[in-house]
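**Q** My structure is stored as work.txt, with compact mmCIF, C-alpha atoms.
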```txt
# COMPACT_ATOMS: atom_id res chain seq x y z
CA MET A 1306 16.95 203.29 3.67
CA ALA A 1307 16.05 199.78 2.52
CA LEU A 1308 16.45 198.71 -1.11
CA SER A 1309 13.58 199.18 -3.52
CA ALA A 1310 15.38 197.65 -6.52
CA ASP A 1311 18.10 195.14 -7.33
CA ARG A 1312 21.62 196.13 -6.40
CA LYS A 1313 24.89 195.03 -8.02
CA THR A 1314 26.93 194.10 -4.97
CA ALA A 1315 30.73 193.87 -5.13
CA TYR A 1316 31.95 190.41 -4.12
CA ARG A 1317 35.22 188.76 -3.05
CA GLU A 1318 35.96 185.34 -1.64
CA GLY A 1319 37.52 187.04 1.39
CA VAL A 1320 40.34 184.51 1.65
CA GLU A 1321 42.95 187.22 1.14
CA ILE A 1322 42.36 190.85 2.05
CA GLU A 1323 44.66 193.88 2.02
CA PHE A 1324 44.95 195.82 5.28
CA PRO A 1325 46.60 199.21 5.84
CA VAL A 1326 49.84 198.93 7.82
CA ALA A 1327 50.58 200.98 10.95
CA ALA A 1328 53.18 203.75 10.85
CA SER A 1329 56.81 202.78 11.49
CA THR A 1330 55.98 199.07 11.07
CA LYS A 1331 57.51 196.20 9.11
CA ILE A 1332 55.52 192.99 8.64
CA TYR A 1333 57.32 189.92 7.34
CA ALA A 1334 55.84 187.47 4.83
CA GLY A 1335 54.56 184.36 6.59
CA SER A 1336 54.03 186.10 9.92
CA LEU A 1337 50.95 186.23 12.13
CA VAL A 1338 49.29 189.64 11.77
CA MET A 1339 46.88 191.57 13.96
CA ALA A 1340 45.08 194.90 13.92
CA ASN A 1341 46.18 197.38 16.57
CA ALA A 1342 43.68 199.42 18.59
CA ASN A 1343 43.44 201.92 15.69
CA GLY A 1344 42.71 199.19 13.11
CA TYR A 1345 46.10 199.15 11.37
CA ALA A 1346 48.01 195.95 10.63
CA VAL A 1347 50.96 195.16 12.92
CA PRO A 1348 52.99 192.01 13.65
CA GLY A 1349 51.27 189.52 15.93
CA ALA A 1350 51.95 189.96 19.66
CA ASP A 1351 50.28 189.44 23.02
CA THR A 1352 49.08 193.05 23.17
CA ALA A 1353 45.82 194.21 24.74
CA GLY A 1354 43.25 195.84 22.48
CA CYS A 1355 44.38 194.08 19.29
CA LYS A 1356 42.56 191.60 17.03
CA PHE A 1357 43.99 188.74 14.98
CA LEU A 1358 43.76 189.21 11.19
CA GLY A 1359 45.60 186.25 9.64
CA VAL A 1360 48.91 185.37 7.99
CA ALA A 1361 50.91 187.85 5.88
CA MET A 1362 51.30 186.67 2.29
CA GLU A 1363 53.99 189.24 1.54
CA GLN A 1364 56.36 191.59 3.31
CA ALA A 1365 55.12 195.12 3.94
CA ASP A 1366 57.71 197.69 5.01
CA ASN A 1367 56.08 200.85 6.30
CA SER A 1368 59.09 201.64 8.52
CA ASN A 1369 59.33 205.20 7.20
CA GLY A 1370 55.63 205.76 6.53
CA SER A 1371 52.53 207.03 8.26
CA ASP A 1372 49.48 204.93 9.14
CA GLY A 1373 48.11 203.35 5.96
CA ASP A 1374 50.90 204.42 3.57
CA LYS A 1375 51.46 200.73 2.78
CA THR A 1376 49.14 197.72 2.75
CA VAL A 1377 49.77 194.05 3.46
CA ARG A 1378 47.94 191.12 1.85
CA VAL A 1379 46.71 188.78 4.59
CA ARG A 1380 45.30 185.25 4.23
CA ARG A 1381 42.34 184.91 6.59
CA THR A 1382 41.70 181.18 6.34
CA GLY A 1383 43.72 177.98 6.20
CA VAL A 1384 45.92 175.71 8.27
CA PHE A 1385 49.48 176.90 8.99
CA GLU A 1386 52.51 175.52 10.81
CA PHE A 1387 53.98 177.85 13.45
CA LYS A 1388 56.16 177.72 16.52
CA ALA A 1389 54.44 177.06 19.83
CA SER A 1390 55.50 177.83 23.38
CA SER A 1391 54.49 174.65 25.19
CA ILE A 1392 51.71 172.61 23.60
CA THR A 1393 50.75 168.94 24.00
CA GLN A 1394 48.94 166.36 21.87
CA ALA A 1395 45.97 166.62 24.26
CA MET A 1396 45.44 170.23 23.13
CA VAL A 1397 44.41 169.29 19.58
CA GLY A 1398 41.08 171.04 18.96
CA ASP A 1399 41.75 173.73 21.59
CA ASP A 1400 41.84 177.47 20.93
CA MET A 1401 45.33 178.94 20.56
CA TYR A 1402 46.48 182.49 21.26
CA LEU A 1403 49.10 184.91 19.87
CA VAL A 1404 52.47 185.09 21.58
CA ASP A 1405 54.35 186.92 18.80
CA ASP A 1406 54.40 187.08 14.99
CA GLU A 1407 55.58 183.47 14.65
CA THR A 1408 54.46 181.82 17.89
CA PHE A 1409 51.19 180.68 19.47
CA ASP A 1410 50.31 178.99 22.75
CA GLU A 1411 47.31 177.61 24.64
CA THR A 1412 47.32 180.65 26.96
CA ALA A 1413 48.47 184.25 26.81
CA ASN A 1414 48.01 187.29 29.01
CA ASN A 1415 45.65 189.06 26.61
CA ASN A 1416 44.10 185.96 24.98
CA ILE A 1417 44.15 187.13 21.36
CA LYS A 1418 42.76 184.02 19.66
CA CYS A 1419 44.58 183.08 16.45
CA GLY A 1420 43.06 179.66 15.71
CA LYS A 1421 42.66 176.06 16.83
CA LEU A 1422 45.40 173.49 17.12
CA VAL A 1423 44.69 170.85 14.47
CA LYS A 1424 48.01 168.98 14.35
CA TYR A 1425 50.54 168.55 17.11
CA VAL A 1426 54.13 168.24 15.87
CA SER A 1427 56.10 168.79 19.08
CA ALA A 1428 55.92 170.82 22.29
CA THR A 1429 57.27 173.76 20.30
CA LYS A 1430 55.55 173.32 16.91
CA GLY A 1431 52.06 172.72 15.60
CA TRP A 1432 49.53 173.42 12.88
CA ILE A 1433 46.72 175.88 13.60
CA ASP A 1434 43.50 176.45 11.68
CA ILE A 1435 43.07 180.22 11.50
CA SER A 1436 39.65 180.02 9.82
CA ARG A 1437 36.85 181.89 11.51
```
Step by step, read the file and then write its structure as structure tokens.

**A**
Amino acid sequence: MALSADRKTAYREGVEIEFPVAASTKIYAGSLVMANANGYAVPGADTAGCKFLGVAMEQADNSNGSDGDKTVRVRRTGVFEFKASSITQAMVGDDMYLVDDETFDETANNNIKCGKLVKYVSATKGWIDISR
């Protein structure tokens, strides 16, 4: 039903959000994080059915827990330096995809986009803008 009066709406900047962590999972601070097919946070990987969330701002150890027993604070915007598989200067501005929780590349089997290359450092390192 549509509003018929003013509503006090909760608000957040949305830069950092907490996500529930998958069962039997440990996420390291500073790692690339994605949501698995069930919507729980897991370390970044080239896995079908997952969606990129951002960069973990803290460690979350749910190794002995069930889905959602722990949460992880994830930064959803910004420019971060990570390892790369095989990038070139010519790729600056191109979409980049998850390889694992600390690595991106210009291609991947499942093409889970994690940002755009904004600064080339070397063939194996660059800065990606994870902003949406």

**Q** Find, counting all atoms listed in the file, the residue in A:Ser1371, A:Thr1352, A:Gln1364, A:Gln1394 that gets nearest to Asn1415 of chain A.

**A**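 Checking each candidate against Asn1415 of chain A, we get A:Thr1352 as the closest.
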
**Q** Report the distance between atom CA of Gly1359 of chain A and atom CA of Asn1416 of chain A in Å, rounded to one decimal place.

**A**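 Separation between atom CA of Gly1359 of chain A and atom CA of Asn1416 of chain A: 15.4 Å.
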
**Q** Can you tell me which residues surround segment 1315-1326 of chain A at a distance of at most 10 Å, considering all atoms listed in the file, apart from same-chain residues fewer than 5 positions away, and format the answer as a count of residues only?

**A** 35

**Q** Atom CA of Ile1392 of chain A and atom CA of Ala1428 of chain A are how many Å apart?

**A** 4.8 Å

**Q** Which is closer to Ile1435 of chain A than all the others in A:Ser1336, A:Thr1412, A:Asn1343, A:Phe1357, using all atoms listed in the file?

**A** A:Phe1357

**Q** Around segment 1345-1354 of chain A, fit a box with edges along x, y and z, padding it by 8 Å on each side, then list its centre and edge lengths in Å to one decimal as JSON.

**A**
```
{"center_x": 48.1, "center_y": 194.3, "center_z": 17.7, "size_x": 25.7, "size_y": 25.7, "size_z": 30.1}
```

**Q** Would you work out the distance separating atom CA of Asp1351 of chain A from atom CA of Asn1369 of chain A, expressed in Å to one decimal?

**A**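 Atom-to-atom, atom CA of Asp1351 of chain A and atom CA of Asn1369 of chain A are spaced 24.1 Å apart.
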
**Q** Residues near Glu1407 of chain A, anyone? I mean within 9 Å using all atoms listed in the file, not counting same-chain ones fewer than 2 positions away, as a ChimeraX atom specification.

**A** /A:1335-1337,1348-1350,1387-1389,1403-1405,1409
